[in-house]
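Visitor: Take a look at this one; I'll ask things after.
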Amino acid sequence: MDEYLRERDAFITEDRSRRLDARAFASASEDERNADGTLRRIRAEENRTIWGSDAPAIAGSLHTFPGMQFLTARDTIVKTKLFEIVSKMPKGALLHAHLDATVNARVLLTLSLKHAALHVRTDVRLTADTIHTTLPEIWPLPEVQLSQLTSLTDDAYEPGAWVPLASARETFAPGLGGPDGFDDWVVRALTINPSEAYVTHNTTAKIWEKFGSTFSVARGMTRYSPMFADYVREFLLSSAEDGISYTEVRIPFWYKHMIGSDGKENVPHREWLLTYDRVVAKVREEFAAQGRSEEFVGSKVIYSAVKKELTHEELEWYLEDCIALKQEFPHLICGFDLVGHEDPLPPLIDYIVPLKRFVARQEELGLDIPFILHAGETLGDGTPADMNLYDAILLGTKRIGHGFSLVKHPRIMEICRERDIAVEMCPISWRLTGSMPMHPLPILLSQGVPLTLNSDDPAAFGNMGLSFDFFQVLIASEVTGLLAVKELARRSLKYGCLAQEEQEQAISFFDRRWAAFVRWLLDTFPSAK
């Protein structure tokens, strides 16, 4: 029996030798090993008492288990010791997030209520029967068109008429919940709830339809130039508070103008970046003044265009615009991406000619704007969306966005290991129709494919920051531990677009913060040692 067990242990060790954290334990400090053991014991206990078959039922779920559907489990997750630990953890970089869905929905509404130009209307009268199926339309109006109406819900309201947002909230009918009911109605329109994710919209096509509607409701607020600085600031501060020290965000430049203070769409891309740059600099100054420079390294922008109805001529315009912005903001623009629901939209192969020309233009001008492409964000196998992975690799993508179908491609996984191409995994946003044990992330982790953890569109799901994403990765595996998530967080700074000196400094900051976190964990949970 002893010989068999030795052979078994050697076999397991060999099998796990490709894992991202394969050598992490050997190089770990004694405190890190103790902290890893503490976390594993806490996880095992909570798996039994909170997520086990004999644990109390969770409302809205037929089955309770580790890594179950996030939206159903969220209220339970935040009460766990494991989530408390993950919340305190430094998380490195957030490399895949769409800026227009990075601020909590209630915070977005609060910011919007400060602006008198923002109005709201509906296409039907709001009643107890219609409120759950009617979306608000929110938009800034020019001063000459500001409405004198005061209520969205009184008997005199005519569908289609604009009402000042703040007034609509103040006068919202008591029978519909008053001001709090107004907030809930708008937030419901900006987010996805468990019933929608797992019941009524439980296919990729249906959930994308709901997903798109959240952006439609938000765009009058997120595209309003006078509140853009406050919006960006909220994103940066909330990210830093969750332990994220560096971000790269995809900004929707397919809108060629933001809406100005005059209510007209006339604020060009250059002005967006000037504002973004000022806010980043201001936040950096504030953190430095507070002695917290290690907590905020900075932020860069990935220029994003959408493939919906995109012609070659239009793509050429966006690519040239990206080049112009890179020339003016070389420290800020760090990549180019084409986004959108991959299944119904044109594949990358349709745009190879302008994309290759973009590479040649950079060579002429001495620029470096890497592709950071969405690819394989699909359940398909051999579909055009799945085949995007081949084109992303051939185009030299720096990272792969989502890569959900990557596990079906052994050679591409091998290339990712050879060329150190990281996959931007989004554990929560890409498992709306399943659970974490069904997600390909554990497979890629075991195969040693470079990975980063990301939140994607956290405003829609309520997974602000990265704590929930790291939690889901930890809770759904008995192999993955503290040292694995350390490697994911630390390496994320390597896979960003930081210059070598910036990267080294960011990693040095991370290491110091990590050591302090480990000491906190051991001091806070001594009984779990």
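Identifiers for the structure tokens are assigned positionally: chains receive A, B, ... in sequence, residues are indexed from 1 per chain, and ligands are indexed from 1 in the order shown.
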Kindly provide the residues of segment 287-370 of chain A that approach segment 495-505 of chain A to within 9 Å, each paired with its closest atom pair and their distance in Å to one decimal, based on only C-alpha atoms, listed by chain and increasing number, as a tab-separated table.

Guide:
```
residue	atom	partner	partner_atom	distance
A:Glu294	CA	A:Gln505	CA	9.0
A:Val297	CA	A:Glu502	CA	8.2
A:Lys300	CA	A:Cys497	CA	8.0
A:Cys334	CA	A:Cys497	CA	6.2
A:Gly335	CA	A:Cys497	CA	8.3
```

Visitor: Keeping C-alpha atoms for every residue in the selection just given, could you write it to a file as a compact mmCIF listing (two decimals), in the first residue's frame?

Guide:
```
# COMPACT_ATOMS: atom_id res chain seq x y z
CA GLU A 294 1.23 51.65 -3.76
CA VAL A 297 -0.40 52.64 -10.17
CA LYS A 300 -4.77 53.10 -19.58
CA CYS A 334 -2.54 50.98 -25.10
CA GLY A 335 -4.45 48.77 -27.54
```

Visitor: I'd like to know which residues of segment 29-277 of chain A are strand (DSSP E) (by DSSP, run on the backbone); could you write them as an MDAnalysis selection string?

Guide: chainID A and resid 92:94 118:121 137:140 163:164 244:252 258:259 265:267

Visitor: Mind dumping a table of every segment 76-116 of chain A residue within 10 Å of segment 181-199 of chain A, with the nearest atom pair and its distance in Å to one decimal, using only C-alpha atoms, sorted by chain and rising number, as CSV?

Guide:
```
residue,atom,partner,partner_atom,distance
A:Ala101,CA,A:Leu190,CA,9.3
A:Asn104,CA,A:Val187,CA,9.3
A:Ala105,CA,A:Val187,CA,5.8
A:Arg106,CA,A:Val187,CA,6.4
A:Val107,CA,A:Val187,CA,9.8
A:Leu108,CA,A:Val187,CA,9.3
A:Leu109,CA,A:Asp183,CA,7.7
A:Thr110,CA,A:Asp183,CA,9.2
```

Visitor: Ranking A:Ala28, A:Ile352, A:Met89, A:Leu149 by minimum distance to Ala516 of chain A and counting only C-alpha atoms, which one comes first?

Guide: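 Result for the nearest residue to Ala516 of chain A: A:Met89.
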
Visitor: Residues at most 7 Å from Asn388 of chain A, counting only C-alpha atoms, excluding those fewer than 6 positions away in the same chain, as an mmCIF file with all heavy atoms, in the first residue's frame?

Guide:
```
data_model
loop_
_atom_site.group_PDB
_atom_site.id
_atom_site.type_symbol
_atom_site.label_atom_id
_atom_site.label_comp_id
_atom_site.auth_asym_id
_atom_site.auth_seq_id
_atom_site.Cartn_x
_atom_site.Cartn_y
_atom_site.Cartn_z
ATOM 1 N N PRO A 347 -17.287 37.959 -38.210
ATOM 2 C CA PRO A 347 -16.056 37.479 -37.585
ATOM 3 C C PRO A 347 -14.862 38.345 -37.968
ATOM 4 O O PRO A 347 -14.923 39.160 -38.897
ATOM 5 C CB PRO A 347 -15.909 36.066 -38.148
ATOM 6 C CG PRO A 347 -16.562 36.138 -39.491
ATOM 7 C CD PRO A 347 -17.715 37.093 -39.327
ATOM 8 N N LEU A 348 -13.773 38.167 -37.261
ATOM 9 C CA LEU A 348 -12.559 38.941 -37.524
ATOM 10 C C LEU A 348 -12.051 38.779 -38.949
ATOM 11 O O LEU A 348 -11.502 39.719 -39.530
ATOM 12 C CB LEU A 348 -11.456 38.520 -36.541
ATOM 13 C CG LEU A 348 -11.636 38.943 -35.075
ATOM 14 C CD1 LEU A 348 -10.533 38.341 -34.216
ATOM 15 C CD2 LEU A 348 -11.638 40.462 -34.947
ATOM 16 N N ALA A 375 -12.203 37.272 -28.524
ATOM 17 C CA ALA A 375 -12.222 36.111 -29.425
ATOM 18 C C ALA A 375 -12.671 34.877 -28.645
ATOM 19 O O ALA A 375 -12.287 34.692 -27.491
ATOM 20 C CB ALA A 375 -10.842 35.866 -30.029
ATOM 21 N N GLY A 376 -13.476 34.049 -29.288
ATOM 22 C CA GLY A 376 -13.927 32.817 -28.650
ATOM 23 C C GLY A 376 -14.905 33.047 -27.513
ATOM 24 O O GLY A 376 -15.066 32.182 -26.646
#
```

Visitor: Between atom CA of Met413 of chain A and atom CA of Pro450 of chain A, what is the distance in Å, rounded to a tenth?

Guide: 9.2 Å

Visitor: Near Ala489 of chain A, counting only C-alpha atoms, which residues have an atom at most 6 Å away, once you skip same-chain residues fewer than 2 positions from it, shown as a ChimeraX atom specification?

Guide: /A:91-92,486-487,491-492

Visitor: Would you output that residue set with N, CA, C and O atoms, as a tab-separated table (two decimals), in the first residue's frame?

Guide:
```
chain	number	residue	atom	x	y	z
A	91	LYS	N	-5.16	42.73	-5.64
A	91	LYS	CA	-5.60	41.95	-6.81
A	91	LYS	C	-4.87	42.31	-8.10
A	91	LYS	O	-5.21	41.80	-9.16
A	92	GLY	N	-3.87	43.20	-8.00
A	92	GLY	CA	-3.09	43.49	-9.20
A	92	GLY	C	-3.87	44.33	-10.18
A	92	GLY	O	-4.39	45.40	-9.86
A	486	LYS	N	-2.66	34.34	-5.79
A	486	LYS	CA	-1.55	35.30	-5.75
A	486	LYS	C	-0.88	35.38	-7.12
A	486	LYS	O	-0.59	36.47	-7.63
A	487	GLU	N	-0.63	34.22	-7.72
A	487	GLU	CA	0.01	34.19	-9.04
A	487	GLU	C	-0.85	34.89	-10.08
A	487	GLU	O	-0.35	35.65	-10.92
A	491	ARG	N	0.71	38.24	-11.70
A	491	ARG	CA	1.03	38.16	-13.12
A	491	ARG	C	0.16	39.10	-13.96
A	491	ARG	O	0.54	39.46	-15.08
A	492	SER	N	-1.00	39.48	-13.44
A	492	SER	CA	-1.85	40.40	-14.21
A	492	SER	C	-1.12	41.71	-14.48
A	492	SER	O	-1.32	42.34	-15.53
```

Visitor: For segment 275-286 of chain A, please output as a CSV table (one decimal) with C-alpha atoms, in the first residue's frame all residues within 12 Å (counting only C-alpha atoms; exclusion window: fewer than 2 positions along the same chain).

Guide:
```csv
chain,number,residue,atom,x,y,z
A,99,LEU,CA,-15.9,51.6,-19.0
A,225,SER,CA,-19.7,64.9,-20.8
A,226,PRO,CA,-20.4,67.0,-17.7
A,227,MET,CA,-20.6,63.9,-15.5
A,228,PHE,CA,-17.8,61.9,-17.3
A,229,ALA,CA,-15.0,63.1,-14.9
A,230,ASP,CA,-17.1,62.0,-11.8
A,231,TYR,CA,-17.9,58.7,-13.5
A,232,VAL,CA,-14.3,57.9,-14.3
A,233,ARG,CA,-13.2,59.0,-10.8
A,234,GLU,CA,-15.8,56.7,-9.2
A,235,PHE,CA,-14.5,53.8,-11.3
A,236,LEU,CA,-10.9,54.4,-10.4
A,237,LEU,CA,-11.6,54.9,-6.6
A,238,SER,CA,-13.9,51.9,-6.3
A,239,SER,CA,-11.4,49.7,-8.1
A,240,ALA,CA,-8.6,50.8,-5.8
A,245,SER,CA,-3.9,48.9,-8.4
A,246,TYR,CA,-4.0,49.2,-12.2
A,247,THR,CA,-6.7,49.2,-14.9
A,248,GLU,CA,-7.0,49.0,-18.6
A,249,VAL,CA,-10.5,49.9,-19.8
A,251,ILE,CA,-13.9,52.8,-24.0
A,258,MET,CA,-20.1,62.5,-26.3
A,267,VAL,CA,-17.6,66.4,-27.7
A,268,PRO,CA,-14.9,64.5,-29.7
A,269,HIS,CA,-12.7,61.6,-28.6
A,270,ARG,CA,-9.8,63.9,-27.9
A,271,GLU,CA,-11.8,65.6,-25.1
A,272,TRP,CA,-12.8,62.3,-23.6
A,273,LEU,CA,-9.1,61.4,-23.2
A,288,ALA,CA,0.3,60.0,-3.0
A,289,ALA,CA,-0.7,62.8,-0.6
A,290,GLN,CA,-2.3,60.1,1.6
A,291,GLY,CA,0.8,58.0,1.6
A,292,ARG,CA,-1.0,55.3,-0.5
A,293,SER,CA,0.9,55.4,-3.8
A,294,GLU,CA,1.2,51.7,-3.8
A,295,GLU,CA,-2.6,51.3,-4.1
A,296,PHE,CA,-2.9,53.2,-7.4
A,297,VAL,CA,-0.4,52.6,-10.2
A,298,GLY,CA,-2.5,54.1,-13.0
A,299,SER,CA,-4.9,53.4,-15.8
A,300,LYS,CA,-4.8,53.1,-19.6
A,301,VAL,CA,-7.3,52.9,-22.4
A,328,GLU,CA,-1.3,62.7,-28.8
A,329,PHE,CA,-1.7,60.4,-25.8
A,330,PRO,CA,1.1,57.8,-26.1
A,331,HIS,CA,0.9,57.1,-22.4
A,332,LEU,CA,-2.8,56.4,-22.4
A,333,ILE,CA,-3.9,54.5,-25.5
```

Visitor: Set the distance at 9 Å and use only C-alpha atoms: which residues neighbour Trp51 of chain A once local chain neighbours fewer than 5 positions away are removed? I'd like the list as a PyMOL selection string.

Guide: chain A and resi 46+56-57+64-68

Visitor: If I take atom CA of Glu137 of chain A and atom CA of Thr122 of chain A, how far is one from the other in Å, to one decimal?

Guide: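 Going from atom CA of Glu137 of chain A over to atom CA of Thr122 of chain A covers 6.2 Å.
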
Visitor: Leaving out Asp36 of chain A and any residue of its chain fewer than 3 positions from it, which residues lie within 8 Å of it when counting only C-alpha atoms, given as an MDAnalysis selection string?

Guide: chainID A and resid 32:33 39:40 481:483

Visitor: Interatomic distance between atom CA of Asp469 of chain A and atom CA of Gly403 of chain A?

Guide: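 Separating atom CA of Asp469 of chain A from atom CA of Gly403 of chain A is a distance of 16.3 Å.
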
Visitor: So which one's closest to Val78 of chain A, A:Phe517, A:Leu466, A:Phe471, A:Arg121? Using only C-alpha atoms, please.

Guide: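 Nearest to Val78 of chain A: A:Phe471.
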
Visitor: When DSSP is applied to the backbone of this structure, which of segment 220-342 of chain A are assigned alpha helix (DSSP H)? Write them out as a count of residues only.

Guide: 55
